[in-house]
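The file run06.txt contains compact mmCIF, C-alpha atoms and all ligand atoms:
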```txt
# COMPACT_ATOMS: atom_id res chain seq x y z
CA MET D 1 7.79 -3.41 -27.84
CA ASP D 2 6.88 -6.91 -26.67
CA LEU D 3 9.60 -9.31 -25.65
CA HIS D 4 9.75 -13.11 -25.66
CA LEU D 5 12.33 -15.35 -24.01
CA LYS D 6 12.28 -18.98 -25.03
CA ALA D 7 14.17 -21.62 -23.04
CA ILE D 8 17.07 -19.27 -22.27
CA ALA D 9 19.94 -21.06 -20.50
CA LYS D 10 23.30 -19.82 -19.24
CA ARG D 11 25.83 -21.80 -17.20
CA TYR D 12 28.96 -20.72 -15.37
CA ALA D 13 31.22 -23.72 -14.62
CA ASN D 14 28.90 -25.87 -12.53
CA VAL D 15 26.27 -23.18 -11.79
CA ALA D 16 23.11 -22.90 -13.88
CA ALA D 17 22.69 -19.10 -13.68
CA LEU D 18 19.65 -19.43 -15.98
CA ASP D 19 17.93 -22.76 -16.47
CA SER D 20 15.46 -22.79 -19.36
CA VAL D 21 13.72 -19.49 -18.73
CA ASP D 22 10.51 -18.74 -20.68
CA LEU D 23 9.02 -15.29 -20.34
CA ASP D 24 6.64 -13.14 -22.39
CA VAL D 25 6.49 -9.42 -21.68
CA ALA D 26 3.71 -7.41 -23.31
CA SER D 27 4.39 -4.05 -24.90
CA GLY D 28 4.15 -1.31 -22.25
CA GLU D 29 4.41 -3.66 -19.29
CA LEU D 30 6.45 -2.92 -16.18
CA VAL D 31 7.88 -6.24 -14.99
CA ALA D 32 9.93 -6.86 -11.84
CA LEU D 33 12.53 -9.64 -11.69
CA LEU D 34 12.57 -10.54 -8.02
CA GLY D 35 14.73 -13.04 -6.17
CA PRO D 36 17.48 -13.42 -3.60
CA SER D 37 21.15 -12.91 -4.37
CA GLY D 38 22.38 -15.43 -6.93
CA SER D 39 18.93 -16.32 -8.30
CA GLY D 40 19.85 -15.15 -11.82
CA LYS D 41 18.19 -11.70 -12.05
CA THR D 42 21.19 -9.78 -13.35
CA THR D 43 22.19 -12.58 -15.72
CA LEU D 44 18.70 -12.48 -17.24
CA LEU D 45 18.82 -8.70 -17.67
CA ARG D 46 22.27 -8.87 -19.25
CA VAL D 47 21.11 -11.54 -21.70
CA ILE D 48 18.18 -9.32 -22.74
CA ALA D 49 20.51 -6.31 -23.09
CA GLY D 50 22.95 -8.23 -25.28
CA LEU D 51 25.79 -7.84 -22.76
CA LEU D 52 25.88 -11.62 -22.39
CA GLN D 53 25.23 -14.44 -24.87
CA PRO D 54 23.00 -17.29 -23.63
CA ASP D 55 24.28 -20.86 -24.15
CA SER D 56 20.96 -21.78 -25.70
CA GLY D 57 17.45 -20.44 -26.19
CA ARG D 58 15.99 -17.58 -28.20
CA LEU D 59 15.13 -13.97 -27.55
CA LEU D 60 12.54 -12.15 -29.66
CA PHE D 61 11.87 -8.40 -29.77
CA GLY D 62 8.40 -8.36 -31.28
CA GLU D 63 8.65 -10.88 -34.12
CA HIS D 64 12.37 -10.33 -34.69
CA ASP D 65 14.96 -12.78 -33.44
CA ALA D 66 17.38 -10.65 -31.40
CA THR D 67 19.42 -13.52 -29.94
CA ARG D 68 22.53 -12.70 -31.97
CA LEU D 69 22.14 -8.93 -32.15
CA SER D 70 24.68 -6.69 -30.43
CA LEU D 71 23.84 -4.31 -27.59
CA ARG D 72 23.76 -1.37 -29.98
CA GLU D 73 21.59 -3.16 -32.55
CA ARG D 74 19.05 -4.02 -29.85
CA ASN D 75 18.69 -0.34 -28.94
CA VAL D 76 17.91 -1.07 -25.28
CA GLY D 77 18.09 1.48 -22.47
CA PHE D 78 20.06 0.34 -19.43
CA VAL D 79 20.35 1.82 -15.92
CA PHE D 80 22.63 0.29 -13.32
CA GLN D 81 22.60 0.49 -9.53
CA HIS D 82 25.67 2.69 -9.46
CA TYR D 83 25.09 5.75 -11.54
CA ALA D 84 27.31 5.46 -14.52
CA LEU D 85 27.03 9.08 -15.60
CA PHE D 86 30.01 10.57 -17.42
CA LYS D 87 31.64 12.83 -14.83
CA HIS D 88 33.23 15.22 -17.31
CA MET D 89 29.93 15.87 -19.12
CA THR D 90 27.07 18.09 -18.01
CA VAL D 91 23.66 16.61 -17.29
CA ALA D 92 22.42 17.73 -20.72
CA GLU D 93 25.48 16.22 -22.45
CA ASN D 94 24.96 12.97 -20.57
CA ILE D 95 21.35 12.77 -21.71
CA ALA D 96 22.30 13.64 -25.30
CA PHE D 97 25.10 11.07 -25.42
CA GLY D 98 23.13 8.17 -26.99
CA LEU D 99 21.73 10.39 -29.74
CA ARG D 100 25.04 12.17 -30.47
CA SER D 101 26.93 8.91 -30.85
CA ARG D 102 24.57 7.51 -33.47
CA PRO D 103 25.94 7.05 -37.01
CA ARG D 104 25.54 10.26 -38.98
CA ALA D 105 22.65 8.96 -41.10
CA ARG D 106 20.49 8.29 -38.02
CA ARG D 107 21.72 11.18 -35.88
CA PRO D 108 19.17 13.95 -35.25
CA ASP D 109 20.45 17.49 -35.86
CA LYS D 110 21.72 19.67 -33.01
CA ALA D 111 18.44 21.53 -32.53
CA ALA D 112 16.43 18.29 -32.40
CA ILE D 113 18.83 16.82 -29.82
CA ALA D 114 18.62 19.98 -27.67
CA LYS D 115 14.82 19.84 -27.82
CA ARG D 116 14.76 16.16 -26.86
CA VAL D 117 17.14 16.81 -23.94
CA GLN D 118 14.91 19.62 -22.66
CA GLU D 119 11.82 17.39 -22.90
CA LEU D 120 13.59 14.68 -20.93
CA LEU D 121 14.80 17.15 -18.30
CA SER D 122 11.19 18.20 -17.79
CA LEU D 123 10.07 14.58 -17.71
CA ILE D 124 12.50 13.81 -14.89
CA GLN D 125 11.45 17.04 -13.17
CA LEU D 126 14.90 18.64 -13.33
CA PRO D 127 14.25 21.25 -16.05
CA GLU D 128 16.81 23.72 -14.70
CA LEU D 129 19.71 21.38 -14.09
CA GLY D 130 20.99 20.67 -17.61
CA ALA D 131 24.20 22.69 -17.14
CA ARG D 132 25.25 21.00 -13.90
CA TYR D 133 27.85 18.25 -13.61
CA PRO D 134 26.96 14.87 -12.03
CA GLU D 135 28.96 15.63 -8.86
CA GLN D 136 26.64 18.59 -8.23
CA LEU D 137 23.58 16.29 -7.99
CA SER D 138 22.12 14.16 -5.21
CA GLY D 139 22.05 10.37 -5.59
CA GLY D 140 18.36 10.38 -6.47
CA GLN D 141 18.85 13.15 -9.06
CA LYS D 142 21.73 11.21 -10.64
CA GLN D 143 19.53 8.16 -11.05
CA ARG D 144 16.82 10.27 -12.67
CA VAL D 145 19.38 11.63 -15.12
CA ALA D 146 20.56 8.06 -15.82
CA LEU D 147 16.95 7.18 -16.63
CA ALA D 148 16.59 10.18 -18.93
CA ARG D 149 19.80 9.18 -20.70
CA ALA D 150 18.44 5.64 -21.18
CA LEU D 151 15.11 6.98 -22.49
CA ALA D 152 16.72 9.46 -24.92
CA ILE D 153 17.30 6.82 -27.60
CA ASP D 154 13.63 5.69 -27.56
CA PRO D 155 14.72 2.22 -26.50
CA THR D 156 12.88 -0.91 -27.55
CA VAL D 157 12.97 -1.88 -23.87
CA LEU D 158 14.18 -0.22 -20.70
CA LEU D 159 16.26 -2.42 -18.39
CA LEU D 160 16.89 -1.31 -14.81
CA ASP D 161 19.25 -3.23 -12.53
CA GLU D 162 18.50 -2.32 -8.90
CA PRO D 163 18.22 1.33 -9.99
CA PHE D 164 17.54 2.59 -6.47
CA GLY D 165 19.69 0.07 -4.62
CA ALA D 166 22.35 2.55 -3.55
CA LEU D 167 19.94 5.20 -2.24
CA ASP D 168 18.67 5.63 1.29
CA ALA D 169 15.28 4.19 2.22
CA LYS D 170 13.23 7.39 2.01
CA VAL D 171 14.58 8.50 -1.37
CA ARG D 172 14.13 4.97 -2.62
CA VAL D 173 10.42 4.98 -1.82
CA GLU D 174 9.95 8.44 -3.40
CA LEU D 175 11.80 7.42 -6.54
CA ARG D 176 9.90 4.20 -7.04
CA ARG D 177 6.58 6.09 -6.89
CA TRP D 178 8.02 8.60 -9.32
CA LEU D 179 9.13 5.76 -11.65
CA ARG D 180 5.60 4.31 -11.57
CA ARG D 181 4.13 7.67 -12.63
CA LEU D 182 6.82 8.10 -15.28
CA HIS D 183 6.02 4.67 -16.64
CA GLU D 184 2.31 5.48 -16.81
CA HIS D 185 3.27 8.55 -18.83
CA THR D 186 5.80 6.95 -21.22
CA GLY D 187 4.27 3.45 -21.54
CA GLN D 188 7.80 2.16 -22.07
CA THR D 189 8.24 -1.64 -21.83
CA THR D 190 10.39 -1.99 -18.72
CA LEU D 191 12.09 -4.79 -16.80
CA PHE D 192 13.66 -4.03 -13.48
CA VAL D 193 15.70 -6.16 -11.15
CA THR D 194 15.20 -6.00 -7.42
CA HIS D 195 15.71 -8.19 -4.39
CA ASP D 196 13.24 -6.01 -2.45
CA GLN D 197 9.79 -7.61 -2.47
CA GLU D 198 8.07 -4.43 -1.36
CA GLU D 199 9.56 -2.53 -4.28
CA ALA D 200 8.48 -5.25 -6.73
CA LEU D 201 4.94 -5.46 -5.37
CA GLU D 202 4.44 -1.71 -5.28
CA LEU D 203 5.87 -0.91 -8.70
CA ALA D 204 5.30 -3.72 -11.12
CA ASP D 205 2.38 -4.77 -13.30
CA ARG D 206 3.73 -8.31 -13.04
CA VAL D 207 6.37 -9.90 -10.85
CA VAL D 208 8.67 -12.74 -11.90
CA VAL D 209 10.05 -14.62 -8.88
CA LEU D 210 13.35 -16.37 -9.59
CA LYS D 211 15.02 -19.20 -7.70
CA ASP D 212 18.32 -20.82 -8.71
CA GLY D 213 18.02 -19.63 -12.31
CA ARG D 214 14.43 -20.82 -12.75
CA ILE D 215 11.13 -18.98 -12.69
CA GLU D 216 9.26 -20.03 -9.56
CA GLN D 217 6.15 -17.93 -10.22
CA ILE D 218 4.90 -15.18 -12.53
CA GLY D 219 1.89 -13.12 -11.56
CA THR D 220 0.42 -9.76 -10.68
CA PRO D 221 1.56 -8.39 -7.31
CA ASP D 222 -1.80 -9.42 -5.87
CA GLU D 223 -1.52 -12.98 -7.20
CA ILE D 224 2.02 -13.33 -5.90
CA TYR D 225 1.10 -11.97 -2.47
CA SER D 226 -2.27 -13.67 -2.02
CA ALA D 227 -1.61 -16.96 -3.76
CA PRO D 228 2.10 -17.79 -3.60
CA ALA D 229 2.69 -20.91 -5.71
CA SER D 230 5.22 -22.38 -3.30
CA ALA D 231 6.53 -22.15 0.23
CA TYR D 232 9.61 -20.43 -1.24
CA VAL D 233 7.53 -17.61 -2.74
CA PHE D 234 5.42 -17.25 0.41
CA ASP D 235 8.54 -16.95 2.54
CA PHE D 236 10.29 -14.55 0.20
CA ILE D 237 7.39 -12.20 -0.41
CA GLY D 238 6.65 -11.13 3.17
CA ARG D 239 6.89 -12.17 6.78
CA ALA D 240 5.83 -15.77 7.21
CA ASN D 241 4.95 -18.05 10.10
CA VAL D 242 5.28 -21.78 9.56
CA ILE D 243 3.18 -24.28 11.49
CA GLU D 244 4.08 -27.93 10.98
CA GLY D 245 1.22 -30.42 11.04
CA GLN D 246 -0.56 -33.34 9.44
CA THR D 247 -3.28 -33.35 6.82
CA GLU D 248 -5.92 -36.01 7.12
CA GLY D 249 -9.41 -36.23 5.63
CA GLY D 250 -8.99 -32.80 4.05
CA GLU D 251 -8.18 -31.07 7.35
CA LEU D 252 -5.07 -29.98 9.17
CA SER D 253 -4.21 -31.06 12.69
CA VAL D 254 -1.28 -29.80 14.77
CA ASN D 255 0.09 -31.81 17.70
CA GLY D 256 -3.17 -33.75 17.87
CA HIS D 257 -5.28 -30.56 17.89
CA ALA D 258 -7.80 -30.82 15.07
CA LEU D 259 -7.84 -27.25 13.81
CA ARG D 260 -10.72 -27.93 11.42
CA LEU D 261 -8.88 -25.93 8.77
CA PRO D 262 -9.79 -27.26 5.32
CA VAL D 263 -6.82 -28.18 3.10
CA ASP D 264 -6.58 -29.62 -0.41
CA GLY D 265 -6.39 -33.41 -0.80
CA SER D 266 -7.54 -36.06 1.63
CA SER D 267 -4.46 -38.28 1.88
CA ARG D 268 -2.53 -38.34 5.13
CA SER D 269 0.75 -36.48 4.92
CA ARG D 270 3.05 -34.09 6.72
CA ALA D 271 2.34 -30.49 5.73
CA ARG D 272 3.40 -26.95 6.55
CA LEU D 273 0.90 -24.19 7.01
CA TYR D 274 2.18 -20.72 6.06
CA VAL D 275 0.45 -17.71 7.53
CA ARG D 276 1.27 -13.99 7.74
CA PRO D 277 1.58 -12.38 11.21
CA HIS D 278 -1.58 -10.27 10.63
CA ASP D 279 -3.60 -13.29 9.48
CA ILE D 280 -3.69 -15.05 12.85
CA ALA D 281 -6.45 -14.31 15.40
CA LEU D 282 -6.70 -14.83 19.13
CA VAL D 283 -9.67 -17.13 19.82
CA GLY D 284 -11.30 -18.82 22.78
CA GLU D 285 -10.04 -22.05 24.35
CA GLY D 286 -10.98 -25.07 22.23
CA GLU D 287 -11.17 -23.00 19.04
CA GLY D 288 -7.47 -22.91 18.22
CA LEU D 289 -3.94 -23.91 19.13
CA PRO D 290 -2.73 -23.22 22.67
CA ALA D 291 0.40 -21.05 22.67
CA ARG D 292 2.58 -19.39 25.30
CA VAL D 293 3.37 -15.69 25.01
CA ILE D 294 7.12 -15.08 25.14
CA SER D 295 7.06 -11.40 24.28
CA SER D 296 4.37 -8.81 23.94
CA HIS D 297 4.61 -5.23 22.71
CA ARG D 298 1.94 -2.61 22.22
CA LEU D 299 2.14 0.62 20.25
CA ALA D 300 -1.19 2.47 20.08
CA GLU D 301 -3.63 0.02 18.48
CA ARG D 302 -0.99 -2.35 17.26
CA ILE D 303 -0.01 -5.36 19.33
CA THR D 304 2.94 -7.56 18.39
CA LEU D 305 3.22 -10.95 20.06
CA GLU D 306 5.81 -13.68 19.91
CA LEU D 307 4.40 -17.08 20.85
CA VAL D 308 5.64 -20.62 21.31
CA VAL D 309 3.47 -23.54 20.27
CA GLU D 310 4.45 -26.87 21.79
CA GLY D 311 6.27 -29.18 19.37
CA GLN D 312 6.92 -26.43 16.77
CA SER D 313 10.45 -25.62 15.72
CA ARG D 314 9.86 -21.89 15.16
CA PRO D 315 8.02 -19.33 17.36
CA LEU D 316 5.01 -17.55 15.86
CA GLU D 317 4.78 -13.81 15.28
CA LEU D 318 1.40 -12.10 15.49
CA ASP D 319 0.40 -8.56 14.49
CA LEU D 320 -2.97 -7.66 15.99
CA VAL D 321 -5.08 -4.57 15.74
CA ALA D 322 -6.69 -4.00 19.14
CA THR D 323 -9.52 -1.78 20.28
CA PRO D 324 -8.28 0.94 22.67
CA ASP D 325 -9.59 -0.89 25.76
CA ALA D 326 -8.40 -4.38 24.71
CA VAL D 327 -6.12 -6.15 27.18
CA THR D 328 -2.64 -6.94 25.86
CA PRO D 329 -1.75 -10.59 26.59
CA ALA D 330 1.10 -10.66 29.10
CA SER D 331 4.40 -12.52 28.66
CA GLY D 332 4.11 -15.98 30.17
CA SER D 333 0.33 -16.24 29.68
CA THR D 334 -1.35 -18.83 27.47
CA VAL D 335 -3.51 -17.78 24.53
CA HIS D 336 -5.29 -19.67 21.73
CA VAL D 337 -4.58 -18.83 18.12
CA ARG D 338 -6.22 -19.63 14.82
CA PRO D 339 -4.91 -18.93 11.30
CA LEU D 340 -7.45 -16.96 9.26
CA ARG D 341 -5.88 -16.81 5.79
CA TYR D 342 -3.18 -19.34 5.10
CA ARG D 343 -1.61 -21.66 2.51
CA VAL D 344 -0.69 -25.28 3.09
CA TYR D 345 2.27 -26.80 1.25
CA SER D 346 3.04 -30.53 1.45
CA ASP D 347 6.48 -31.63 2.56
N1 LIG F 401 30.86 -14.06 -14.35
C1 LIG F 401 30.44 -15.09 -13.59
N2 LIG F 401 31.23 -16.17 -13.38
C2 LIG F 401 30.82 -17.22 -12.64
N3 LIG F 401 29.60 -17.29 -12.05
C3 LIG F 401 28.77 -16.24 -12.20
C4 LIG F 401 29.14 -15.09 -12.98
N4 LIG F 401 28.10 -14.20 -12.96
C5 LIG F 401 27.15 -14.78 -12.21
N5 LIG F 401 27.53 -15.99 -11.76
C6 LIG F 401 26.72 -16.93 -10.94
O1 LIG F 401 25.45 -17.09 -11.55
C7 LIG F 401 24.41 -17.10 -10.59
C8 LIG F 401 23.41 -15.99 -10.87
O2 LIG F 401 24.03 -14.73 -10.70
P1 LIG F 401 23.28 -13.34 -10.89
O3 LIG F 401 24.29 -12.25 -10.75
O4 LIG F 401 22.47 -13.37 -12.12
O5 LIG F 401 22.30 -13.34 -9.63
P2 LIG F 401 21.43 -12.15 -9.04
O6 LIG F 401 20.10 -12.76 -8.74
O7 LIG F 401 21.44 -10.99 -9.95
O8 LIG F 401 22.17 -11.83 -7.69
P3 LIG F 401 22.49 -10.40 -6.96
O9 LIG F 401 21.17 -9.94 -6.41
O10 LIG F 401 23.47 -10.77 -5.90
O11 LIG F 401 23.04 -9.48 -8.02
C9 LIG F 401 25.10 -16.98 -9.23
O12 LIG F 401 25.25 -18.27 -8.70
C10 LIG F 401 26.44 -16.34 -9.57
O13 LIG F 401 27.41 -16.72 -8.63
```

Any chance you could put this one into C-alpha cells?
Ligand SMILES: Nc1ncnc2c1ncn2[C@@H]1O[C@H](COP(=O)(O)OP(=O)(O)OP(=O)(O)O)[C@@H](O)[C@H]1O
Amino acid sequence: MDLHLKAIAKRYANVAALDSVDLDVASGELVALLGPSGSGKTTLLRVIAGLLQPDSGRLLFGEHDATRLSLRERNVGFVFQHYALFKHMTVAENIAFGLRSRPRARRPDKAAIAKRVQELLSLIQLPELGARYPEQLSGGQKQRVALARALAIDPTVLLLDEPFGALDAKVRVELRRWLRRLHEHTGQTTLFVTHDQEEALELADRVVVLKDGRIEQIGTPDEIYSAPASAYVFDFIGRANVIEGQTEGGELSVNGHALRLPVDGSSRSRARLYVRPHDIALVGEGEGLPARVISSHRLAERITLELVVEGQSRPLELDLVATPDAVTPASGSTVHVRPLRYRVYSD
C-alpha cells in the first residue's frame, strides 16, 4: 500500500526529533531512511508504526487517514535490530503468532495458519527449521524468522529498524542481498532504517537522507551518490575530500591557482569543492594543484595516496588505478592533482 506523511512533527523537550517531514512512498517501494545517530530515523519509523503519536501532521495509508489508528489497526509489520522472537515458542509458533492472536472473526483456521507458516519458512529459506527454538538459530536465521513473523499478517507496510545492525559484517551483506531478492518476490512496501550508507545505496529503490529531524534529500541511490544536494549528503554518503577555494567568473581557483574548473554562478565567493578519492587524477605540472605526498601505499593495481595541498586545512586522499608498470609516487615528492568529477557548495 502507498503511504503519505504530511508535515509530521515530533518534539522532545527542546529537541525537534521530526521537523515537518513530508514523504510519499509508492506501493511496493523499498525505501531507506538514512542518517547519523539522532537524525530522527527511529522516531519516524515509530510514528508510522503507531508506536508514537506525532505532535502534528498527518499520516495516510492509501487514502485513509491513519494518524489516530493504533498499532494493531494499522496492521504494520515491524522488525527491530535485536531479534524480539519469543524464546519459549518454536520458530513456527513465532511466525504464526500474529495470525493466532487475531480476533476470532478474522483468525484463519489451524490448517490455513500451518500452510501460511510453511510458505513463509520456504520464503525465508528455512523450510526444515519450524520446530526449533530461537536459541537454536544463528543471528542471521533469527532475523529471517523475525521477518517471516512480520510478513505473516500481510502487513500494509513492513518497517525494519536496523534489521541487520547486530550481525557481523559478512552475514550483514548476505542478508541485505537476500532481503532485496525477497522484496522483489513479495513486492511489499518497505521502509528500513539504517545509518550505513552502503546498505542504503545497495538495497533501496529510494533513499531518504535525514538531518536533525528534517529531510535533506530524497532520491534514487544513483541520484544521492552522483548528485548530493548538499555538502552534508556528499560527506555522509561516501568518502569525501574537501578543497577550499574561491569562485570567480564561473571558475574555481585554489590558493591563486586557476583550476579552470567550471562552477555554477559567476559571483565571487568562498566555496568548497567536494570530490571522492577515486575522482582525482594525477596530471602534469601546470594542469592542476601542486601537492606533497605524505603517504603512499600500493596493493596490486590500486594506489592510495595521502597528500597535503598548501593552505588547505585537510589532507587529500586519492585512490588511483595504476597500470602494472606505473611508478608509485614516493612520500615527500610533489605531484599535481586535478578533480575529475566534483560538486561545489558555497559557504
Ligand atoms: N524518548 C525520548 N526522549 C527524549 N528525546 C528523545 C527520545 N527519543 C528520541 N529522542 C531524541 O530525538 C532525536 C531523534 O532520535 P531518533 O532515535 O529518532 O534518532 P535516530 O536517527 O534513530 O538515531 P539512532 O541511529 O542513534 O537510533 C534525538 O536527538 C534523540 O535524542

Contact check, chain D to ligand LIG 401 (chain F), at most 7 Å, counting only C-alpha atoms and all ligand atoms, closest pairs as a tab-separated table:
```
residue	atom	partner	partner_atom	distance
D:Tyr12	CA	F:LIG401	C2	4.8
D:Ala13	CA	F:LIG401	C2	6.8
D:Val15	CA	F:LIG401	O12	5.9
D:Ala16	CA	F:LIG401	O1	6.7
D:Ala17	CA	F:LIG401	O1	4.0
D:Gly35	CA	F:LIG401	O6	6.0
D:Pro36	CA	F:LIG401	O9	5.8
D:Ser37	CA	F:LIG401	O10	3.5
D:Gly38	CA	F:LIG401	O5	3.4
D:Ser39	CA	F:LIG401	O6	3.8
D:Gly40	CA	F:LIG401	O4	3.2
D:Lys41	CA	F:LIG401	O7	3.9
D:Thr42	CA	F:LIG401	O7	3.6
D:Thr43	CA	F:LIG401	O4	3.7
D:Leu44	CA	F:LIG401	O4	6.4
D:His195	CA	F:LIG401	O9	6.1
D:Gly213	CA	F:LIG401	C8	6.7
```

Would you mind listing, for every residue of segment 192-265 of chain D within 10 Å of segment 164-176 of chain D, the two atoms forming the shortest contact and the distance between them in Å to one decimal, using only C-alpha atoms, sorted by chain and ascending residue number, as CSV?
```
residue,atom,partner,partner_atom,distance
D:Val193,CA,D:Gly165,CA,9.9
D:Thr194,CA,D:Gly165,CA,8.1
D:His195,CA,D:Gly165,CA,9.2
D:Asp196,CA,D:Gly165,CA,9.1
D:Glu198,CA,D:Val173,CA,9.7
D:Glu199,CA,D:Arg176,CA,7.3
D:Ala200,CA,D:Arg176,CA,9.6
D:Glu202,CA,D:Arg176,CA,8.2
D:Leu203,CA,D:Arg176,CA,6.7
```

Have a look at atom CA of Ile124 of chain D and atom CA of Leu34 of chain D and let me know their distance in Å, one decimal.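 Between atom CA of Ile124 of chain D and atom CA of Leu34 of chain D the gap works out to 25.3 Å.
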
For Asp65 of chain D: contacts at 12 Å, all atoms listed in the file, fewer than 4 positions along chain excluded, given as a ChimeraX atom specification: /D:3-6,48,57-61,69-70,73-74

What does the file look like for those residues with C-alpha atoms, as a compact mmCIF listing (two decimals), keeping the file's coordinate frame?
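Writing the result to again.txt gives the following:
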```txt
# COMPACT_ATOMS: atom_id res chain seq x y z
CA LEU D 3 9.60 -9.31 -25.65
CA HIS D 4 9.75 -13.11 -25.66
CA LEU D 5 12.33 -15.35 -24.01
CA LYS D 6 12.28 -18.98 -25.03
CA ILE D 48 18.18 -9.32 -22.74
CA GLY D 57 17.45 -20.44 -26.19
CA ARG D 58 15.99 -17.58 -28.20
CA LEU D 59 15.13 -13.97 -27.55
CA LEU D 60 12.54 -12.15 -29.66
CA PHE D 61 11.87 -8.40 -29.77
CA LEU D 69 22.14 -8.93 -32.15
CA SER D 70 24.68 -6.69 -30.43
CA GLU D 73 21.59 -3.16 -32.55
CA ARG D 74 19.05 -4.02 -29.85
```

Spatial neighbours of Val327 of chain D, max dist 12 Å, only C-alpha atoms, sep filter under 6 positions, as a PyMOL selection string: chain D and resi 282+296-298+301-303+320-321

Write the residues of the preceding selection, restricted to C-alpha atoms, as a short mmCIF file (atom, residue, chain, number, x, y, z; two decimals), in the coordinates of the input.
```cif
data_model
loop_
_atom_site.label_atom_id
_atom_site.label_comp_id
_atom_site.auth_asym_id
_atom_site.auth_seq_id
_atom_site.Cartn_x
_atom_site.Cartn_y
_atom_site.Cartn_z
CA LEU D 282 -6.70 -14.83 19.13
CA SER D 296 4.37 -8.81 23.94
CA HIS D 297 4.61 -5.23 22.71
CA ARG D 298 1.94 -2.61 22.22
CA GLU D 301 -3.63 0.02 18.48
CA ARG D 302 -0.99 -2.35 17.26
CA ILE D 303 -0.01 -5.36 19.33
CA LEU D 320 -2.97 -7.66 15.99
CA VAL D 321 -5.08 -4.57 15.74
#
```

Selection near Gly219 of chain D, 9 Å with all atoms listed in the file, sequence-local residues under 6 positions removed, as a PyMOL selection string: chain D and resi 205-209

Which polymer residues have any atom within 9 Å of an atom of Leu147 of chain D, counting only C-alpha atoms, with same-chain residues fewer than 2 positions away left out, as a PyMOL selection string? chain D and resi 77-79+95+124+142-145+149-152+158+160+163

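Taking only C-alpha atoms into account, the protein, DNA and RNA residues within 7 Å of (4.9, -13.3, 28.7) read Val293, Ile294, Ser295, Ser296, Ala330, Ser331, Gly332 and Ser333 of chain D.
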
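When atom CA of Val337 of chain D is paired with atom CA of Gln197 of chain D, their separation reads 27.5 Å.
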
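Minimum distance to Pro155 of chain D across D:Gly187, D:Val309, D:Thr90, D:Arg11 (counting all atoms listed in the file) occurs at D:Gly187.
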
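Proximity to Tyr225 of chain D was assessed for D:His257, D:Arg68, D:Lys10, D:Arg276 counting all atoms listed in the file; the smallest distance is recorded for D:Arg276.
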
Using all atoms listed in the file, which of D:Leu51, D:Glu216, D:Arg260, D:Ala300 sits nearest Val21 of chain D? D:Glu216

So how many Å separate atom CA of Asp2 of chain D and atom CA of Val76 of chain D, to one decimal?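 Interatomic distance here is 12.6 Å.
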
Please define a box with edges along x, y and z of the file around all atoms of segment 311-326 of chain D given in the file, extend it by 8 Å on each side, and return its centre and edge lengths in Å to one decimal, as JSON.
```
{"center_x": 0.4, "center_y": -14.1, "center_z": 20.1, "size_x": 36.0, "size_y": 46.1, "size_z": 27.3}
```

When you count all atoms listed in the file, which of these residues is closest to Thr220 of chain D: D:Ala7, D:Val31, D:Ile280, D:Arg343? D:Val31

Would you be able to write out as a CSV table (one decimal) with C-alpha atoms, in the frame of the given file which residues have an atom within 10 Å of (4.1, -11.2, 14.4) in the file's coordinates, counting all atoms listed in the file?
```
chain,number,residue,atom,x,y,z
D,239,ARG,CA,6.9,-12.2,6.8
D,240,ALA,CA,5.8,-15.8,7.2
D,241,ASN,CA,5.0,-18.0,10.1
D,276,ARG,CA,1.3,-14.0,7.7
D,277,PRO,CA,1.6,-12.4,11.2
D,278,HIS,CA,-1.6,-10.3,10.6
D,279,ASP,CA,-3.6,-13.3,9.5
D,280,ILE,CA,-3.7,-15.0,12.8
D,296,SER,CA,4.4,-8.8,23.9
D,303,ILE,CA,0.0,-5.4,19.3
D,304,THR,CA,2.9,-7.6,18.4
D,305,LEU,CA,3.2,-11.0,20.1
D,306,GLU,CA,5.8,-13.7,19.9
D,307,LEU,CA,4.4,-17.1,20.8
D,315,PRO,CA,8.0,-19.3,17.4
D,316,LEU,CA,5.0,-17.6,15.9
D,317,GLU,CA,4.8,-13.8,15.3
D,318,LEU,CA,1.4,-12.1,15.5
D,319,ASP,CA,0.4,-8.6,14.5
D,320,LEU,CA,-3.0,-7.7,16.0
```

Write out as a PyMOL selection string each polymer residue whose atoms come within 9 Å of Lys87 of chain D, counting only C-alpha atoms; drop sequence neighbours fewer than 3 positions from it. chain D and resi 84+90+94+133-135

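Nearest-residue note for Arg116 of chain D: choosing from D:Asp24, D:Asp154, D:Glu162, D:Asp55, the minimum distance belongs to D:Asp154, counting only C-alpha atoms.
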
Could you rebuild segment 111-118 of chain D with N, CA and C atoms and give me the result as an mmCIF file, in the frame of the given file?
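The resulting rebuild_2.cif:
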```
data_model
loop_
_atom_site.group_PDB
_atom_site.id
_atom_site.type_symbol
_atom_site.label_atom_id
_atom_site.label_comp_id
_atom_site.auth_asym_id
_atom_site.auth_seq_id
_atom_site.Cartn_x
_atom_site.Cartn_y
_atom_site.Cartn_z
ATOM 1 N N ALA D 111 19.645 20.908 -33.105
ATOM 2 C CA ALA D 111 18.440 21.530 -32.530
ATOM 3 C C ALA D 111 17.477 20.449 -32.028
ATOM 4 N N ALA D 112 17.351 19.366 -32.799
ATOM 5 C CA ALA D 112 16.430 18.290 -32.400
ATOM 6 C C ALA D 112 16.928 17.611 -31.132
ATOM 7 N N ILE D 113 18.260 17.441 -31.032
ATOM 8 C CA ILE D 113 18.830 16.820 -29.820
ATOM 9 C C ILE D 113 18.581 17.726 -28.615
ATOM 10 N N ALA D 114 18.820 19.033 -28.784
ATOM 11 C CA ALA D 114 18.620 19.980 -27.670
ATOM 12 C C ALA D 114 17.160 19.958 -27.210
ATOM 13 N N LYS D 115 16.252 19.856 -28.158
ATOM 14 C CA LYS D 115 14.820 19.840 -27.820
ATOM 15 C C LYS D 115 14.487 18.568 -27.044
ATOM 16 N N ARG D 116 15.021 17.454 -27.532
ATOM 17 C CA ARG D 116 14.760 16.160 -26.860
ATOM 18 C C ARG D 116 15.312 16.176 -25.430
ATOM 19 N N VAL D 117 16.521 16.748 -25.271
ATOM 20 C CA VAL D 117 17.140 16.810 -23.940
ATOM 21 C C VAL D 117 16.257 17.638 -23.002
ATOM 22 N N GLN D 118 15.747 18.760 -23.508
ATOM 23 C CA GLN D 118 14.910 19.620 -22.660
ATOM 24 C C GLN D 118 13.613 18.908 -22.266
#
```
